[in-house]
>>> print(open('coords_25.txt').read())   # compact mmCIF, C-alpha atoms and all ligand atoms
# COMPACT_ATOMS: atom_id res chain seq x y z
CA MET A 1 25.28 97.68 13.45
CA TRP A 2 24.91 95.47 16.48
CA VAL A 3 21.34 94.69 17.38
CA CYS A 4 20.31 92.46 20.21
CA THR A 5 17.32 90.27 20.68
CA SER A 6 17.51 88.46 23.98
CA LEU A 7 20.38 90.46 25.36
CA CYS A 8 20.67 94.16 24.88
CA ARG A 9 23.42 96.53 25.72
CA ILE A 10 23.85 100.09 26.67
CA ARG A 11 27.07 101.99 26.86
CA ALA A 12 27.63 104.55 29.55
CA VAL A 13 28.86 107.71 27.84
CA ALA A 14 30.22 109.30 30.96
CA GLY A 15 32.74 107.41 33.08
CA PRO A 16 34.76 104.35 32.14
CA ARG A 17 34.09 103.05 28.65
CA HIS A 18 32.71 99.65 29.33
CA TRP A 19 29.76 97.79 27.96
CA LEU A 20 26.83 97.37 30.23
CA SER A 21 24.77 94.40 29.34
CA LEU A 22 21.10 95.00 29.81
CA ALA A 23 18.96 91.97 29.60
CA SER A 24 15.31 91.65 30.34
CA GLY A 25 14.62 88.47 32.30
CA HIS A 26 12.09 87.89 29.55
CA ARG A 27 13.72 86.48 26.49
CA GLY A 28 13.06 87.27 22.86
CA PRO A 29 11.87 90.34 21.09
CA ALA A 30 10.67 92.03 24.23
CA ALA A 31 14.06 93.56 24.88
CA SER A 32 14.79 97.18 24.16
CA SER A 33 17.98 97.52 22.18
CA TYR A 34 20.91 99.81 22.59
CA SER A 35 24.21 99.96 20.82
CA ALA A 36 27.08 102.37 20.62
CA SER A 37 26.65 102.84 16.91
CA ALA A 38 24.56 104.92 14.53
CA ASP A 39 22.64 107.35 16.67
CA PRO A 40 24.88 109.89 18.32
CA SER A 41 22.18 111.38 20.50
CA GLN A 42 22.52 110.82 24.18
CA VAL A 43 19.80 109.88 26.57
CA ARG A 44 19.77 110.12 30.34
CA ALA A 45 18.86 107.09 32.38
CA LEU A 46 18.74 105.89 35.97
CA VAL A 47 21.01 102.87 35.98
CA TYR A 48 21.98 100.41 38.72
CA GLY A 49 24.98 98.14 38.41
CA HIS A 50 24.35 96.00 41.46
CA HIS A 51 21.60 95.31 43.95
CA GLY A 52 21.34 97.30 47.15
CA ASP A 53 19.88 100.41 48.70
CA PRO A 54 18.33 102.37 45.79
CA ALA A 55 19.62 105.64 47.24
CA LYS A 56 23.17 104.27 46.90
CA VAL A 57 23.17 102.10 43.80
CA VAL A 58 21.05 104.12 41.36
CA GLU A 59 22.97 106.64 39.25
CA LEU A 60 21.95 109.10 36.55
CA LYS A 61 24.02 108.28 33.45
CA ASN A 62 24.26 109.37 29.86
CA LEU A 63 23.74 106.54 27.40
CA GLU A 64 23.90 106.33 23.65
CA LEU A 65 20.74 105.33 21.87
CA ALA A 66 20.83 102.50 19.35
CA ALA A 67 19.77 102.85 15.76
CA VAL A 68 16.15 102.01 15.14
CA GLY A 69 15.89 98.58 13.50
CA GLY A 70 13.08 97.58 11.13
CA SER A 71 10.76 96.38 13.90
CA ASP A 72 11.87 98.93 16.47
CA VAL A 73 10.33 102.11 17.70
CA ARG A 74 12.13 105.08 19.14
CA VAL A 75 10.20 106.39 22.11
CA LYS A 76 10.62 109.59 24.08
CA MET A 77 9.60 108.73 27.62
CA LEU A 78 7.24 111.28 29.15
CA ALA A 79 6.66 110.03 32.68
CA ALA A 80 7.33 106.89 34.71
CA PRO A 81 6.33 106.07 38.30
CA ILE A 82 8.38 104.56 41.09
CA ASN A 83 6.49 101.49 42.29
CA PRO A 84 7.37 99.19 45.21
CA ALA A 85 8.30 96.44 42.71
CA ASP A 86 10.88 98.78 41.12
CA ILE A 87 12.45 99.30 44.54
CA ASN A 88 12.34 95.56 45.30
CA MET A 89 14.04 94.81 41.95
CA ILE A 90 16.86 97.24 42.73
CA GLN A 91 17.22 95.68 46.18
CA GLY A 92 17.33 92.25 44.53
CA ASN A 93 14.14 91.03 46.25
CA TYR A 94 11.67 90.37 43.47
CA GLY A 95 10.20 87.41 41.62
CA PHE A 96 12.02 88.43 38.46
CA LEU A 97 15.26 90.40 38.20
CA PRO A 98 16.73 91.97 35.06
CA LYS A 99 20.39 91.25 34.38
CA LEU A 100 22.71 93.96 35.61
CA PRO A 101 23.44 96.67 34.90
CA ALA A 102 19.88 97.67 34.28
CA VAL A 103 17.82 100.79 33.79
CA GLY A 104 15.24 101.12 36.58
CA GLY A 105 11.48 101.32 36.18
CA ASN A 106 8.89 98.93 34.83
CA GLU A 107 6.10 101.15 33.57
CA GLY A 108 5.55 104.57 32.11
CA VAL A 109 4.19 106.39 29.10
CA GLY A 110 6.17 107.58 26.11
CA GLN A 111 5.61 109.23 22.75
CA VAL A 112 6.75 107.65 19.51
CA VAL A 113 9.53 109.65 17.83
CA SER A 114 10.21 107.37 14.87
CA ALA A 115 9.47 103.84 13.77
CA GLY A 116 11.32 101.22 11.70
CA SER A 117 10.15 100.29 8.23
CA HIS A 118 8.34 97.11 9.35
CA VAL A 119 6.40 98.80 12.12
CA THR A 120 2.67 98.95 11.39
CA GLY A 121 0.97 99.41 14.75
CA VAL A 122 2.29 102.80 15.89
CA LYS A 123 3.39 106.06 14.27
CA PRO A 124 5.27 109.17 15.37
CA GLY A 125 3.27 111.17 17.89
CA ASP A 126 1.38 108.17 19.32
CA TRP A 127 1.43 107.57 23.04
CA VAL A 128 2.58 104.12 24.07
CA VAL A 129 2.89 102.05 27.25
CA LEU A 130 4.86 98.86 27.78
CA ALA A 131 3.39 95.37 27.80
CA GLU A 132 6.38 93.81 29.57
CA PRO A 133 8.30 94.54 32.76
CA GLY A 134 12.05 94.84 33.12
CA LEU A 135 12.65 97.11 30.11
CA GLY A 136 13.75 100.17 32.09
CA THR A 137 11.44 103.17 31.87
CA TRP A 138 13.42 105.65 33.97
CA ARG A 139 15.11 107.25 30.99
CA THR A 140 14.52 110.08 28.59
CA GLU A 141 14.42 107.94 25.42
CA ALA A 142 14.57 104.31 24.45
CA VAL A 143 14.36 102.01 21.45
CA PHE A 144 11.80 99.25 21.99
CA SER A 145 10.62 96.41 19.84
CA GLU A 146 7.14 97.21 18.50
CA LYS A 147 5.98 93.93 20.09
CA VAL A 148 6.25 95.31 23.61
CA LEU A 149 4.30 98.49 22.92
CA VAL A 150 0.61 99.17 23.39
CA SER A 151 -0.91 102.40 22.00
CA VAL A 152 -3.04 104.44 24.33
CA PRO A 153 -5.10 107.54 23.55
CA SER A 154 -2.90 110.63 23.78
CA ASP A 155 -5.68 112.59 25.46
CA LEU A 156 -5.39 110.54 28.65
CA PRO A 157 -4.12 112.52 31.63
CA LEU A 158 -0.33 112.03 31.75
CA GLN A 159 -0.35 110.57 35.27
CA SER A 160 -3.11 108.10 34.38
CA ALA A 161 -1.23 106.89 31.31
CA ALA A 162 2.06 106.62 33.23
CA THR A 163 0.50 104.46 35.94
CA LEU A 164 -1.84 102.36 33.79
CA THR A 165 -0.08 99.06 33.15
CA VAL A 166 0.60 97.76 36.66
CA ASN A 167 -1.82 98.83 39.39
CA PRO A 168 -5.13 99.33 37.54
CA CYS A 169 -4.54 96.06 35.63
CA THR A 170 -3.93 94.26 38.93
CA ALA A 171 -7.00 95.83 40.54
CA TYR A 172 -9.26 94.96 37.61
CA ARG A 173 -8.07 91.35 37.31
CA MET A 174 -8.42 90.70 41.03
CA LEU A 175 -11.98 92.04 41.00
CA MET A 176 -12.90 89.93 37.96
CA ASP A 177 -11.02 86.65 38.26
CA PHE A 178 -11.50 85.17 41.73
CA GLU A 179 -15.17 85.53 42.70
CA GLN A 180 -18.24 86.15 40.60
CA LEU A 181 -19.31 89.43 42.07
CA HIS A 182 -22.54 91.26 41.27
CA PRO A 183 -23.57 94.88 41.79
CA GLY A 184 -24.28 95.39 45.48
CA ASP A 185 -21.70 92.78 46.60
CA SER A 186 -18.86 94.00 48.78
CA VAL A 187 -15.08 93.74 48.71
CA ILE A 188 -12.69 94.37 51.61
CA GLN A 189 -9.06 95.42 51.16
CA ASN A 190 -6.10 96.71 53.15
CA ALA A 191 -3.50 99.36 52.15
CA SER A 192 -6.48 100.99 50.47
CA ASN A 193 -4.58 104.21 49.88
CA SER A 194 -1.97 102.39 47.76
CA GLY A 195 -1.97 102.78 43.98
CA VAL A 196 -3.66 99.39 43.64
CA GLY A 197 -6.07 100.22 46.47
CA GLN A 198 -7.20 103.47 44.84
CA ALA A 199 -7.75 101.66 41.55
CA VAL A 200 -9.74 98.92 43.36
CA ILE A 201 -12.00 101.55 44.97
CA GLN A 202 -12.73 103.27 41.66
CA ILE A 203 -13.15 100.20 39.46
CA ALA A 204 -15.30 98.53 42.11
CA ALA A 205 -17.51 101.62 42.33
CA ALA A 206 -17.82 101.69 38.52
CA LEU A 207 -18.93 98.04 38.64
CA GLY A 208 -21.48 98.75 41.38
CA LEU A 209 -19.45 96.97 44.07
CA ARG A 210 -19.25 98.32 47.60
CA THR A 211 -15.86 98.56 49.27
CA ILE A 212 -14.62 98.35 52.85
CA ASN A 213 -11.21 99.98 52.89
CA VAL A 214 -8.64 99.48 55.61
CA VAL A 215 -5.76 101.93 56.08
CA ARG A 216 -3.11 102.51 58.72
CA ASP A 217 -3.99 105.23 61.23
CA ARG A 218 -2.19 108.58 60.87
CA PRO A 219 -2.57 112.14 62.12
CA ASP A 220 -4.43 113.26 58.98
CA ILE A 221 -6.70 110.19 58.79
CA GLN A 222 -9.79 112.35 58.24
CA LYS A 223 -8.26 113.90 55.14
CA LEU A 224 -7.28 110.50 53.77
CA THR A 225 -10.74 109.09 54.54
CA GLU A 226 -12.38 111.95 52.63
CA ARG A 227 -10.03 111.47 49.71
CA LEU A 228 -10.83 107.76 49.44
CA LYS A 229 -14.57 108.39 49.86
CA ASN A 230 -14.41 110.91 47.03
CA LEU A 231 -13.01 108.11 44.88
CA GLY A 232 -16.02 105.93 45.73
CA ALA A 233 -15.00 104.13 48.93
CA GLU A 234 -18.08 103.24 51.00
CA HIS A 235 -16.29 102.56 54.29
CA VAL A 236 -12.79 103.64 55.31
CA ILE A 237 -11.56 102.17 58.60
CA THR A 238 -8.23 101.90 60.36
CA GLU A 239 -6.40 98.67 61.13
CA GLU A 240 -7.31 99.19 64.80
CA GLU A 241 -11.02 99.63 64.03
CA LEU A 242 -10.94 96.47 61.94
CA ARG A 243 -10.01 94.52 65.10
CA LYS A 244 -12.82 95.94 67.26
CA PRO A 245 -16.06 94.00 67.90
CA GLU A 246 -18.04 97.03 66.60
CA MET A 247 -16.72 96.14 63.15
CA LYS A 248 -19.65 93.76 62.81
CA ASN A 249 -22.05 96.75 62.81
CA ILE A 250 -20.83 97.56 59.30
CA PHE A 251 -22.42 94.33 58.10
CA LYS A 252 -25.88 95.51 59.17
CA THR A 253 -25.86 97.73 56.08
CA ILE A 254 -23.47 96.00 53.69
CA PRO A 255 -23.15 92.28 52.82
CA GLN A 256 -20.15 90.39 54.16
CA PRO A 257 -17.44 90.38 51.48
CA ARG A 258 -16.74 87.29 49.41
CA LEU A 259 -13.49 88.85 48.20
CA ALA A 260 -10.65 90.28 50.31
CA LEU A 261 -7.58 91.85 48.71
CA ASN A 262 -4.41 91.67 50.76
CA CYS A 263 -1.45 93.98 50.09
CA VAL A 264 0.03 93.76 53.57
CA GLY A 265 0.20 90.30 55.18
CA GLY A 266 0.67 89.68 58.92
CA LYS A 267 -2.10 90.65 61.35
CA SER A 268 -3.81 92.80 58.79
CA SER A 269 -4.47 89.83 56.51
CA THR A 270 -5.64 87.68 59.45
CA GLU A 271 -8.24 90.35 60.20
CA LEU A 272 -9.37 90.53 56.56
CA LEU A 273 -9.86 86.76 56.65
CA ARG A 274 -12.05 87.04 59.74
CA GLN A 275 -14.39 89.42 57.91
CA LEU A 276 -14.82 87.19 54.85
CA ALA A 277 -18.15 85.51 54.13
CA PRO A 278 -18.10 81.67 54.33
CA GLY A 279 -16.39 80.26 51.24
CA GLY A 280 -14.91 83.67 50.42
CA THR A 281 -11.47 84.26 48.91
CA LEU A 282 -8.49 86.21 50.21
CA VAL A 283 -6.20 87.22 47.34
CA THR A 284 -2.69 88.23 48.36
CA TYR A 285 -0.89 90.47 45.88
CA GLY A 286 1.57 92.39 48.09
CA GLY A 287 3.49 91.89 51.30
CA MET A 288 4.18 95.40 52.55
CA ALA A 289 4.46 94.33 56.22
CA LYS A 290 6.93 91.56 55.28
CA GLN A 291 4.94 89.18 57.53
CA PRO A 292 3.38 85.87 56.52
CA VAL A 293 -0.32 85.37 55.97
CA THR A 294 -1.73 83.26 58.80
CA ALA A 295 -5.13 81.60 58.59
CA SER A 296 -6.65 80.09 61.71
CA VAL A 297 -7.61 76.44 61.54
CA SER A 298 -11.18 77.29 62.52
CA LEU A 299 -11.58 79.74 59.62
CA LEU A 300 -10.34 77.09 57.22
CA ILE A 301 -12.55 74.34 58.64
CA PHE A 302 -15.72 76.17 59.58
CA LYS A 303 -15.72 78.92 56.94
CA ASP A 304 -13.81 77.15 54.17
CA VAL A 305 -12.08 80.40 53.19
CA ARG A 306 -9.75 80.21 50.22
CA LEU A 307 -6.26 81.65 50.08
CA ARG A 308 -5.07 82.68 46.66
CA GLY A 309 -2.29 84.79 45.18
CA PHE A 310 -2.11 87.10 42.18
CA TRP A 311 0.90 88.25 40.16
CA LEU A 312 0.26 90.35 37.08
CA SER A 313 3.45 89.11 35.40
CA GLN A 314 2.13 85.56 35.67
CA TRP A 315 -1.27 86.62 34.33
CA LYS A 316 0.49 88.11 31.30
CA LYS A 317 2.44 84.91 30.73
CA ASP A 318 -0.81 82.96 30.87
CA HIS A 319 -2.64 85.27 28.46
CA SER A 320 -1.98 86.57 24.98
CA ALA A 321 -0.67 90.00 24.03
CA GLU A 322 -4.11 90.68 22.54
CA GLN A 323 -5.77 89.95 25.89
CA PHE A 324 -3.41 92.36 27.61
CA LYS A 325 -4.19 95.05 25.01
CA GLU A 326 -7.88 94.43 25.59
CA LEU A 327 -7.35 94.90 29.31
CA ILE A 328 -5.52 98.19 28.69
CA LEU A 329 -8.30 99.43 26.40
CA THR A 330 -10.95 98.51 28.99
CA LEU A 331 -9.08 100.56 31.57
CA CYS A 332 -8.62 103.45 29.14
CA SER A 333 -12.38 103.58 28.71
CA PHE A 334 -12.83 103.73 32.51
CA ILE A 335 -10.42 106.70 32.48
CA GLN A 336 -12.16 108.40 29.58
CA ARG A 337 -15.54 108.01 31.29
CA GLY A 338 -14.08 109.72 34.38
CA GLN A 339 -14.42 106.53 36.46
CA LEU A 340 -10.71 105.94 37.01
CA THR A 341 -8.22 108.63 37.91
CA ALA A 342 -4.50 108.32 38.63
CA PRO A 343 -3.47 107.72 42.23
CA THR A 344 -2.44 110.82 44.11
CA CYS A 345 0.97 111.63 42.59
CA SER A 346 3.97 113.89 43.01
CA GLU A 347 5.78 114.68 39.77
CA VAL A 348 9.55 114.89 40.18
CA PRO A 349 12.01 115.76 37.37
CA LEU A 350 14.32 112.86 36.46
CA GLN A 351 17.41 114.66 37.74
CA ASP A 352 15.83 114.88 41.23
CA TYR A 353 15.50 111.11 41.36
CA GLN A 354 17.18 110.85 44.79
CA ARG A 355 14.34 112.84 46.34
CA ALA A 356 11.75 110.73 44.54
CA LEU A 357 13.38 107.42 45.53
CA GLU A 358 13.57 108.52 49.15
CA ALA A 359 9.90 109.61 49.22
CA SER A 360 8.82 106.37 47.56
CA MET A 361 10.28 104.34 50.43
CA LYS A 362 8.87 106.44 53.29
CA PRO A 363 5.72 105.27 55.11
CA PHE A 364 2.55 107.39 55.22
CA VAL A 365 3.47 109.50 52.18
CA SER A 366 0.29 108.51 50.28
CA SER A 367 1.61 109.94 47.04
CA LYS A 368 3.04 108.00 44.10
CA GLN A 369 6.34 109.48 42.88
CA ILE A 370 6.33 110.04 39.12
CA LEU A 371 9.56 110.84 37.31
CA THR A 372 9.04 113.34 34.50
CA MET A 373 11.54 113.36 31.67
CA CYS A 374 11.27 116.85 30.17
P1 LIG B 1 2.04 102.32 46.73
O1 LIG B 1 1.09 103.14 45.97
O2 LIG B 1 3.46 102.73 46.79
O3 LIG B 1 1.51 102.22 48.24
C1 LIG B 1 2.16 101.45 49.20
C2 LIG B 1 1.10 101.06 50.23
O4 LIG B 1 1.67 100.17 51.17
C3 LIG B 1 0.53 102.22 51.00
O5 LIG B 1 -0.84 102.03 51.16
C4 LIG B 1 1.25 102.11 52.36
O6 LIG B 1 0.46 102.59 53.40
C5 LIG B 1 1.34 100.61 52.48
N1 LIG B 1 2.38 100.17 53.39
C6 LIG B 1 3.70 100.42 53.31
N2 LIG B 1 4.35 99.80 54.30
C7 LIG B 1 3.42 99.14 55.03
C8 LIG B 1 3.45 98.33 56.19
N3 LIG B 1 4.61 98.04 56.81
N4 LIG B 1 2.31 97.83 56.66
C9 LIG B 1 1.14 98.11 56.05
N5 LIG B 1 1.03 98.88 54.94
C10 LIG B 1 2.16 99.39 54.45
O7 LIG B 1 1.99 100.82 46.30
P2 LIG B 1 1.41 100.10 44.99
O8 LIG B 1 2.16 100.54 43.80
O9 LIG B 1 -0.06 100.17 44.99
O10 LIG B 1 1.82 98.60 45.36
C11 LIG B 1 1.33 98.03 46.56
C12 LIG B 1 1.82 96.60 46.69
O11 LIG B 1 1.21 95.83 45.67
C13 LIG B 1 3.31 96.42 46.55
O12 LIG B 1 3.73 95.39 47.40
C14 LIG B 1 3.45 95.98 45.10
O13 LIG B 1 4.63 95.27 44.86
C15 LIG B 1 2.21 95.13 44.98
N6 LIG B 1 1.74 94.93 43.62
C16 LIG B 1 1.63 93.64 43.24
C17 LIG B 1 1.16 93.35 41.98
C18 LIG B 1 1.01 91.91 41.59
O14 LIG B 1 0.84 91.64 40.41
N7 LIG B 1 1.07 91.00 42.55
C19 LIG B 1 0.86 94.38 41.09
C20 LIG B 1 0.95 95.68 41.52
C21 LIG B 1 1.41 95.96 42.82
P3 LIG B 1 0.85 103.88 54.29
O15 LIG B 1 0.29 105.07 53.58
O16 LIG B 1 0.15 103.58 55.56
O17 LIG B 1 2.35 103.93 54.40
>>> encode(input="coords_25.txt", output="structure tokens")
Amino acid sequence: MWVCTSLCRIRAVAGPRHWLSLASGHRGPAASSYSASADPSQVRALVYGHHGDPAKVVELKNLELAAVGGSDVRVKMLAAPINPADINMIQGNYGFLPKLPAVGGNEGVGQVVSAGSHVTGVKPGDWVVLAEPGLGTWRTEAVFSEKVLVSVPSDLPLQSAATLTVNPCTAYRMLMDFEQLHPGDSVIQNASNSGVGQAVIQIAAALGLRTINVVRDRPDIQKLTERLKNLGAEHVITEEELRKPEMKNIFKTIPQPRLALNCVGGKSSTELLRQLAPGGTLVTYGGMAKQPVTASVSLLIFKDVRLRGFWLSQWKKDHSAEQFKELILTLCSFIQRGQLTAPTCSEVPLQDYQRALEASMKPFVSSKQILTMC
């Protein structure tokens, strides 16, 4: 049997018989392993062979599943979201790119089907999520090394489990790691209806923090505002309102934020900076507007604002697997206490992936596309 460690392979069952090498940019035991041998069962997967428009380069293929090695776990994927980073990876515009061809998707939840003889941490029936990106979650089944799996309670709502490892982790770390915030302090953010934004609102509320949430205007803004307020948002304002002088009235009842979370860049981030308290920090974690972050000289000199960045992949490199598991368990307890729900989602069967990919790239959809594998 051929088993890979740093490089893993899948073979497309349909179409020309050629080996597709599937490597995670991360080296070592993180890789999921496929071979043409042993297990005759076929799995379906969304594969891309080159970078480009996801609607054109992603294909649904049948693959053969590898045998389960001693430290491997066979996992039936249950659900996996389409996140902006997944799209950027397919387009070839991301900080880390798996070798091609690759299976799309970086997070999701699966159920253990069987485990190799050396596996001690999970058993059949357990729900698991992935500790590493680039392993390809848009597929019906996979064989993963035990080392990349984290068990989560199987009574979590499916959508919460499927969307746990990227956005809530990012939201929690950004709230904890840049400023020492205390109950009653405030945080301002843009793209507040994003997956990260919704997690920020809920985790902040659970920690007693007050949030000012900026969104883009839209015809159904009232509905969106209500939805975010139901999650715990204190203020929901549009980008246009953020620029108005009346904005300062908000700070009659809420302290100026020491933390601003920027998912957008461009003018939106300049406005967030203007609202920061002296010495406050703007953390950039996304660049949806594809515009640079510009800080005025006067804000830097007279308010000494700090510009920082956050990338969850880097945080994971800088911390141990145990620390990541701890983070996941902390977030699971928020979910179990009813303090953290999944972002608004639309479940789409795997075979309808074209529809899901298209919706995930449209503006103003406000709904995370989740591929379901049944
Ligand atoms: P999501 O749920 O798909 O939501 C996308 C958000 O971006 C929506 O709020 C959308 O607002 C907004 N948006 C799209 N185009 C925009 C534009 N041109 N100008 C302003 N806003 C725009 O996204 P997500 O999964 O939360 O991810 C959000 C961002 O965070 C992505 O860039 C992602 O890569 C990044 N992220 C980074 C890390 C990290 O570690 N650094 C971790 C997780 C996510 P509308 O409703 O108005 O369209």
>>> closest_residue(input="coords_25.txt", among="A:Thr165, A:Ser145, A:Thr225, A:Gln351", to="His118 in chain A", atoms="all atoms listed in the file")
A:Ser145
>>> atom_distance(input="coords_25.txt", atom1="CA of Arg44 in chain A", atom2="CA of Asn62 in chain A")
4.6 Å
>>> atom_distance(input="coords_25.txt", atom1="CA of Gly279 in chain A", atom2="CA of Leu207 in chain A")
21.9 Å
>>> residues_near_ligand(input="coords_25.txt", ligand="ligand LIG 1 (chain B)", cutoff="6 Å", atoms="all atoms listed in the file", output="PyMOL selection string")
chain A and resi 83-85+166-167+170+191-196+216+263-264+285-289+310-312+363-366+368
>>> atom_distance(input="coords_25.txt", atom1="CA of Phe302 in chain A", atom2="CA of Gln275 in chain A")
13.4 Å
>>> residues_near_point(input="coords_25.txt", point="(-12.5, 100.2, 52.8)", cutoff="9 Å", atoms="only C-alpha atoms", output="list in words")
Val187, Ile188, Gln189, Asn190, Ser192, Ile201, Arg210, Thr211, Ile212, Asn213, Val214, Val215, Leu228, Lys229, Ala233, Glu234, His235, Val236, Ile237 and Thr238 of chain A
>>> write_last_selection(input="coords_25.txt", atoms="C-alpha atoms", output="PDB file, in the coordinates of the input")
ATOM      1  CA  VAL A 187     -15.080  93.740  48.710  1.00  0.00           C
ATOM      2  CA  ILE A 188     -12.690  94.370  51.610  1.00  0.00           C
ATOM      3  CA  GLN A 189      -9.060  95.420  51.160  1.00  0.00           C
ATOM      4  CA  ASN A 190      -6.100  96.710  53.150  1.00  0.00           C
ATOM      5  CA  SER A 192      -6.480 100.990  50.470  1.00  0.00           C
ATOM      6  CA  ILE A 201     -12.000 101.550  44.970  1.00  0.00           C
ATOM      7  CA  ARG A 210     -19.250  98.320  47.600  1.00  0.00           C
ATOM      8  CA  THR A 211     -15.860  98.560  49.270  1.00  0.00           C
ATOM      9  CA  ILE A 212     -14.620  98.350  52.850  1.00  0.00           C
ATOM     10  CA  ASN A 213     -11.210  99.980  52.890  1.00  0.00           C
ATOM     11  CA  VAL A 214      -8.640  99.480  55.610  1.00  0.00           C
ATOM     12  CA  VAL A 215      -5.760 101.930  56.080  1.00  0.00           C
ATOM     13  CA  LEU A 228     -10.830 107.760  49.440  1.00  0.00           C
ATOM     14  CA  LYS A 229     -14.570 108.390  49.860  1.00  0.00           C
ATOM     15  CA  ALA A 233     -15.000 104.130  48.930  1.00  0.00           C
ATOM     16  CA  GLU A 234     -18.080 103.240  51.000  1.00  0.00           C
ATOM     17  CA  HIS A 235     -16.290 102.560  54.290  1.00  0.00           C
ATOM     18  CA  VAL A 236     -12.790 103.640  55.310  1.00  0.00           C
ATOM     19  CA  ILE A 237     -11.560 102.170  58.600  1.00  0.00           C
ATOM     20  CA  THR A 238      -8.230 101.900  60.360  1.00  0.00           C
TER      21      THR A 238
END
>>> residues_around(input="coords_25.txt", residues="Leu371 in chain A", least_positions_apart="2", cutoff="7 Å", atoms="only C-alpha atoms", output="list in words")
Ala79, Ala80, Pro81, Glu347, Val348, Pro349, Leu350, Gln369 and Met373 of chain A
>>> residues_around(input="coords_25.txt", residues="Val152 in chain A", least_positions_apart="5", cutoff="9 Å", atoms="all atoms listed in the file", output="list in words")
Val109, Asp126, Trp127, Val128, Val129, Ala161, Ile328, Leu329 and Cys332 of chain A
>>> residues_around(input="coords_25.txt", residues="range 86-98 of chain A", least_positions_apart="4", cutoff="12 Å", atoms="all atoms listed in the file", output="VMD selection string")
chain A and resid 6 to 8 21 to 27 31 46 to 59 80 to 82 102 to 108 132 to 138 166 286 to 288 290 311 to 314 356 to 362 369
>>> closest_residue(input="coords_25.txt", among="A:Glu246, A:Gly70, A:Thr281, A:Ser367", to="Asp177 in chain A", atoms="only C-alpha atoms")
A:Thr281
>>> residues_around(input="coords_25.txt", residues="Phe334 in chain A", least_positions_apart="5", cutoff="12 Å", atoms="all atoms listed in the file", output="number ranges by chain")
A: 156, 160, 164, 168-169, 172, 199, 202-207, 327-329, 339-342
>>> closest_residue(input="coords_25.txt", among="A:Gln256, A:Asp155, A:Glu271, A:Lys317", to="Glu240 in chain A", atoms="only C-alpha atoms")
A:Glu271
>>> closest_residue(input="coords_25.txt", among="A:Leu282, A:Ala142, A:Cys374, A:Val73", to="Val305 in chain A", atoms="all atoms listed in the file")
A:Leu282
>>> closest_residue(input="coords_25.txt", among="A:Ser298, A:Asn230, A:Ser117, A:Gln198", to="Asp72 in chain A", atoms="all atoms listed in the file")
A:Ser117
>>> decode(input="coords_25.txt", residues="range 352-367 of chain A", atoms="C-alpha atoms", output="PDB file, in the first residue's frame")
ATOM      1  CA  ASP A 352     -25.438  21.693  -6.272  1.00  0.00           C
ATOM      2  CA  TYR A 353     -22.029  23.208  -5.578  1.00  0.00           C
ATOM      3  CA  GLN A 354     -22.220  25.580  -8.579  1.00  0.00           C
ATOM      4  CA  ARG A 355     -25.194  27.338  -7.012  1.00  0.00           C
ATOM      5  CA  ALA A 356     -23.436  27.529  -3.652  1.00  0.00           C
ATOM      6  CA  LEU A 357     -20.177  28.850  -5.137  1.00  0.00           C
ATOM      7  CA  GLU A 358     -22.057  31.508  -7.069  1.00  0.00           C
ATOM      8  CA  ALA A 359     -24.034  32.638  -3.993  1.00  0.00           C
ATOM      9  CA  SER A 360     -20.872  32.726  -1.887  1.00  0.00           C
ATOM     10  CA  MET A 361     -19.327  35.299  -4.232  1.00  0.00           C
ATOM     11  CA  LYS A 362     -22.357  37.592  -4.528  1.00  0.00           C
ATOM     12  CA  PRO A 363     -22.527  40.776  -2.421  1.00  0.00           C
ATOM     13  CA  PHE A 364     -25.348  41.395   0.070  1.00  0.00           C
ATOM     14  CA  VAL A 365     -26.326  37.717   0.378  1.00  0.00           C
ATOM     15  CA  SER A 366     -25.742  37.668   4.165  1.00  0.00           C
ATOM     16  CA  SER A 367     -25.920  33.888   4.281  1.00  0.00           C
TER      17      SER A 367
END
